[in-house]
Amino acid sequence: FRTRHRAWKAALATLHSAAPVGDGNDVETRRNQARNRAREEIRESAGNYGLSRGRTWAAVRTQRPTFGEPRAVLMTGEEASVNNRSSAEAKIALFRSLFRGRDDVYPRRFESRTTGKSGYAPACANEWVTGLCEKPRIKCAECPNRRFLSVTDDVIRRHLSGQDDDGRDFVMGVYPMLLDETCFFLAVDFDKLHWQEDATAFLETWHTTNLSVAMERSRSGNGGHVWLFFEEAIPAGLARNLGSHILTETMERRPDIGLDSYDRLFPNQDTLPQ
């Protein structure tokens, strides 16, 4: 595992290394040869990690979508048999097999009735409990009575149905980086005006790697998320390097678009804060 990790990082470094000394044509030829070798090493390492086309963890492979008429190919395997008529248990199992992050804590979406501000905060069993929760006087991060809620099938059910047991809106998030600084997926967030064009170009670059990806519209409808699911947990830094490489390749292949709508990668850091 560590050997493959080093090989992949070395390949990524080659892709971004300085050009060798020589005349213009010679430099360009040798640079392209080096880049092609590096791409092959990345593809080989990706296959060793279980990131090849046809893996069921990816669920679907989006193929050059036209927005308004999305096209996707279902992957073969047990997960691919889940559809809108499947049982709740099967849908929950599929969801948990893909969006795998920390299971000891999860964030829940909130929206202030007074300011309209929205965001995500760790779900806490003691939230607003008299004598235990003193928000907003004491911030959650400084509260000695925090008791995080873990991810369960019931939590996933509420998220998929959009409501908790009291009929209130329920939207959960996920903390993608595990405590050992690995992750099971990489998500790329696109926002702003030209997100559709940028995301399409980004997907086209992904297809050259033979890795399976999926795309969805964001909650607002004014953005999109591209997902790459891993069969096994890999270092978060490695996943982010791969995403950065695809972004760079897209900008070089399509300098006309600029990727202004690109916002961030998830996980959004290589390591956990110390």
# chains A, B, ... in the order shown; residues from 1 in each chain; ligands from 1
call {"tool": "select_by_dssp", "arguments": {"residues": "stretch 102-222 of chain A", "states": "strand (DSSP E or B)", "output": "PyMOL selection string"}}
result
chain A and resi 107-111+118-122+124+148+163+169+172+182-190+214-217
call {"tool": "residues_around", "arguments": {"residues": "A:Leu247", "least_positions_apart": "6", "cutoff": "9 Å", "atoms": "only C-alpha atoms", "output": "PyMOL selection string"}}
result
chain A and resi 202+205+259+262
call {"tool": "write_last_selection", "arguments": {"atoms": "N, CA and C atoms", "output": "compact mmCIF listing (two decimals), in the first residue's frame"}}
result
# COMPACT_ATOMS: atom_id res chain seq x y z
N PHE A 202 -14.31 19.15 -16.77
CA PHE A 202 -13.64 18.37 -15.72
C PHE A 202 -13.97 16.89 -15.86
N THR A 205 -12.08 15.21 -18.67
CA THR A 205 -10.70 14.86 -18.30
C THR A 205 -10.68 13.59 -17.47
N LEU A 259 -12.07 27.56 -15.41
CA LEU A 259 -12.52 26.87 -14.19
C LEU A 259 -12.78 27.85 -13.03
N TYR A 262 -14.80 26.49 -9.99
CA TYR A 262 -14.26 25.52 -9.03
C TYR A 262 -14.17 26.17 -7.65
call {"tool": "residues_around", "arguments": {"residues": "A:Asp260", "least_positions_apart": "4", "cutoff": "9 Å", "atoms": "only C-alpha atoms", "output": "ChimeraX atom specification"}}
result
/A:190-195,198
call {"tool": "write_last_selection", "arguments": {"atoms": "C-alpha atoms", "output": "mmCIF file, in the first residue's frame"}}
result
data_model
loop_
_atom_site.group_PDB
_atom_site.id
_atom_site.type_symbol
_atom_site.label_atom_id
_atom_site.label_comp_id
_atom_site.auth_asym_id
_atom_site.auth_seq_id
_atom_site.Cartn_x
_atom_site.Cartn_y
_atom_site.Cartn_z
ATOM 1 C CA PHE A 190 -18.327 23.674 -8.583
ATOM 2 C CA ASP A 191 -20.300 26.864 -8.075
ATOM 3 C CA LYS A 192 -21.000 30.236 -9.746
ATOM 4 C CA LEU A 193 -22.325 31.109 -13.185
ATOM 5 C CA HIS A 194 -20.410 28.796 -15.547
ATOM 6 C CA TRP A 195 -20.337 25.697 -13.336
ATOM 7 C CA ASP A 198 -16.534 23.825 -16.123
#
call {"tool": "residues_around", "arguments": {"residues": "stretch 248-255 of chain A", "least_positions_apart": "2", "cutoff": "9 Å", "atoms": "only C-alpha atoms", "output": "list in words"}}
result
Asp198, Ala201, Phe202, Leu203, Glu204, Thr205, Trp206, Gly243, Ser244, His245, Ile246, Ile257, Gly258 and Leu259 of chain A
call {"tool": "closest_residue", "arguments": {"among": "A:Thr182, A:Asn83, A:Ala187, A:Leu228", "to": "A:Asp270", "atoms": "only C-alpha atoms"}}
result
A:Thr182
call {"tool": "residues_around", "arguments": {"residues": "A:Phe99", "least_positions_apart": "4", "cutoff": "9 Å", "atoms": "only C-alpha atoms", "output": "list in words"}}
result
Leu94, Phe95, Val174, Pro176, Phe184, Phe185 and Phe229 of chain A
call {"tool": "write_last_selection", "arguments": {"atoms": "N, CA, C and O atoms", "output": "compact mmCIF listing (two decimals), in the first residue's frame"}}
result
# COMPACT_ATOMS: atom_id res chain seq x y z
N LEU A 94 -26.90 1.00 0.39
CA LEU A 94 -26.18 1.56 -0.75
C LEU A 94 -25.59 2.92 -0.39
O LEU A 94 -24.42 3.20 -0.68
N PHE A 95 -26.39 3.76 0.25
CA PHE A 95 -25.93 5.09 0.64
C PHE A 95 -24.71 4.99 1.54
O PHE A 95 -23.71 5.68 1.34
N VAL A 174 -21.34 14.93 6.03
CA VAL A 174 -20.39 13.86 6.35
C VAL A 174 -19.01 14.48 6.56
O VAL A 174 -18.65 15.45 5.88
N PRO A 176 -15.53 13.60 5.78
CA PRO A 176 -14.91 12.58 4.93
C PRO A 176 -13.58 12.04 5.44
O PRO A 176 -13.24 10.89 5.16
N PHE A 184 -12.67 7.64 1.94
CA PHE A 184 -13.27 6.69 1.02
C PHE A 184 -13.81 7.36 -0.24
O PHE A 184 -14.32 6.68 -1.12
N PHE A 185 -13.75 8.68 -0.32
CA PHE A 185 -14.22 9.36 -1.52
C PHE A 185 -13.54 10.71 -1.66
O PHE A 185 -12.98 11.26 -0.70
N PHE A 229 -15.55 7.57 -5.80
CA PHE A 229 -15.63 6.68 -4.64
C PHE A 229 -14.52 5.63 -4.72
O PHE A 229 -14.29 5.04 -5.76
call {"tool": "residues_around", "arguments": {"residues": "A:Ala141", "least_positions_apart": "4", "cutoff": "10 Å", "atoms": "only C-alpha atoms", "output": "list in words"}}
result
Ala121, Pro122 and Arg146 of chain A
call {"tool": "closest_residue", "arguments": {"among": "A:Arg102, A:Lys117, A:Lys135, A:Arg240", "to": "A:Ser150", "atoms": "only C-alpha atoms"}}
result
A:Arg102
call {"tool": "atom_distance", "arguments": {"atom1": "atom CA of A:Leu272", "atom2": "atom CA of A:Glu127"}}
result
25.1 Å
call {"tool": "residues_around", "arguments": {"residues": "A:Trp227", "least_positions_apart": "2", "cutoff": "10 Å", "atoms": "only C-alpha atoms", "output": "NGL selection string"}}
result
:A and (58 or 98-99 or 185-189 or 212-216 or 224-225 or 229-230 or 266)
call {"tool": "closest_residue", "arguments": {"among": "A:Arg113, A:Lys139, A:Arg108, A:Arg219", "to": "A:Phe170", "atoms": "only C-alpha atoms"}}
result
A:Arg108
call {"tool": "atom_distance", "arguments": {"atom1": "atom CA of A:Arg96", "atom2": "atom CA of A:Gln274"}}
result
28.2 Å
call {"tool": "atom_distance", "arguments": {"atom1": "atom CA of A:Asp154", "atom2": "atom CA of A:Arg85"}}
result
19.2 Å
